[in-house]
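Report on one structure; see the data block that follows.
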Amino acid sequence: MPRKPHRRRKPRRRRKTTEAAEATIEDDAETGPLRRCIVTRERLPKEQLIRFVVGPDKTLVPDLTATLPGRGIWLSASGDVLETARAQGGLGRAFARAARGPVTVPSDLFAVLEAALARRIGELLGLARRAGQAVAGFDKAREWLRAGRSRLILQASDGSAAERARFLTGGGDGITVFDPLPAAALGQVFGRDHVVHVAIAPGRLGERLAVEAARLRGLRRDGAGGKTGRIEQTERTGPTDSR
């Protein structure tokens, strides 16, 4: 009986492992206008994420200015994303996978980020003040607002809600308002005990302030800290804060 011709088996194609696939994804994380969140895997504008690098001691370091050397690891500036990942025990794994090795994630990461963003906002606001691109106080800031010299307003997070609403009355549409810092922190920038209202002129410093304030707002899970859009008309009540 004739033998059947021997068939050569085709070599199996090696599939990329999950880790290799993840590495391929992470490799392009620093290119183009978008960045990929290590938790949600969603690609977003980098202004909506926070960059981290791993230090020499394998500790995670926030890089708010995205200028530190090293391979960037990006996380959505969202308190919900951070809290969900931490509750499910996946935050450390996500960072380790992105870093391709062990990494120490601070147990108080949220507090570290909040403090770093608040400090960054204070630094940028100081630069804007020295450049003549920011004024503080009810009267001066409102004058800029009504004259159209400012579309970005910072207000103290612990300021009177009624007073803050009264300040915005008649400001028009398209005003962006954030309340990232308490009155004492705003006042420190302007050499005062406290400040409730700050108007920022258009420009690069104003754009950076808006980005950092939006990131801080995103981290605060309750959404407190800012709003964008039409300013509602409110009844003029309460004392005027001239600071």
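Labeling convention for the structure tokens: chains A, B, ... as they appear, residues from 1 per chain, ligands from 1 in order of appearance.
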
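DSSP, applied to the backbone of this structure, assigns strand (DSSP E or B) to the following residues of stretch 169-204 of chain A: Ile175, Thr176, Val177, Phe178, His197, Val198, Ala199 and Ile200 of chain A.
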
Write a file of the selected residues as a tab-separated table (two decimals), in the first residue's frame, keeping C-alpha atoms.
```
chain	number	residue	atom	x	y	z
A	175	ILE	CA	-17.49	83.00	31.29
A	176	THR	CA	-15.46	80.17	32.81
A	177	VAL	CA	-15.51	80.09	36.60
A	178	PHE	CA	-13.46	77.92	38.94
A	197	HIS	CA	-12.64	87.18	43.36
A	198	VAL	CA	-9.86	87.10	40.76
A	199	ALA	CA	-10.11	87.99	37.06
A	200	ILE	CA	-7.58	86.55	34.60
```

Exercise: A:Pro180 partners within 8 Å, only C-alpha atoms, chain neighbours under 3 positions left out, as a PDB file with N, CA and C atoms, in the first residue's frame:
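Output below, filename part_22.pdb:
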```pdb
ATOM      1  N   ALA A 118      -3.054  72.289  43.529  1.00  0.00           N
ATOM      2  CA  ALA A 118      -3.298  73.569  44.212  1.00  0.00           C
ATOM      3  C   ALA A 118      -2.041  74.426  44.209  1.00  0.00           C
ATOM      4  N   LEU A 154     -11.551  83.224  38.858  1.00  0.00           N
ATOM      5  CA  LEU A 154     -11.297  82.326  39.978  1.00  0.00           C
ATOM      6  C   LEU A 154     -11.959  82.922  41.207  1.00  0.00           C
ATOM      7  N   GLN A 155     -12.679  82.092  41.954  1.00  0.00           N
ATOM      8  CA  GLN A 155     -13.316  82.544  43.182  1.00  0.00           C
ATOM      9  C   GLN A 155     -12.927  81.618  44.331  1.00  0.00           C
ATOM     10  N   ALA A 156     -12.941  82.162  45.518  1.00  0.00           N
ATOM     11  CA  ALA A 156     -12.554  81.386  46.693  1.00  0.00           C
ATOM     12  C   ALA A 156     -13.555  80.267  46.940  1.00  0.00           C
ATOM     13  N   SER A 157     -13.037  79.073  47.205  1.00  0.00           N
ATOM     14  CA  SER A 157     -13.913  77.915  47.421  1.00  0.00           C
ATOM     15  C   SER A 157     -14.728  78.056  48.695  1.00  0.00           C
ATOM     16  N   ALA A 213      -6.988  74.099  36.857  1.00  0.00           N
ATOM     17  CA  ALA A 213      -8.195  74.193  37.679  1.00  0.00           C
ATOM     18  C   ALA A 213      -9.209  73.132  37.265  1.00  0.00           C
ATOM     19  N   LEU A 216      -8.081  69.820  38.741  1.00  0.00           N
ATOM     20  CA  LEU A 216      -8.390  69.751  40.164  1.00  0.00           C
ATOM     21  C   LEU A 216      -9.877  69.508  40.375  1.00  0.00           C
ATOM     22  N   ARG A 217     -10.699  70.168  39.593  1.00  0.00           N
ATOM     23  CA  ARG A 217     -12.140  69.950  39.683  1.00  0.00           C
ATOM     24  C   ARG A 217     -12.483  68.494  39.373  1.00  0.00           C
ATOM     25  N   GLY A 225     -15.885  72.935  42.336  1.00  0.00           N
ATOM     26  CA  GLY A 225     -14.635  73.560  41.963  1.00  0.00           C
ATOM     27  C   GLY A 225     -14.707  74.378  40.716  1.00  0.00           C
ATOM     28  N   GLY A 226     -15.753  74.243  39.919  1.00  0.00           N
ATOM     29  CA  GLY A 226     -15.801  75.071  38.728  1.00  0.00           C
ATOM     30  C   GLY A 226     -16.997  74.781  37.862  1.00  0.00           C
TER      31      GLY A 226
END
```

(request) Name the residues of stretch 49-221 of chain A that fall into helix (DSSP H, G or I) according to DSSP on the backbone, using the chain letters and numbers of this document, as a VMD selection string. (result) chain A and resid 79 to 87 91 to 99 109 to 130 138 to 146 161 to 168 183 to 189 204 to 219

(request) Give the answer as one residue: which of A:Glu42, A:Asp108, A:Glu47, A:Glu143 has the shortest atom-to-atom distance to A:Glu83, using only C-alpha atoms? (result) A:Asp108
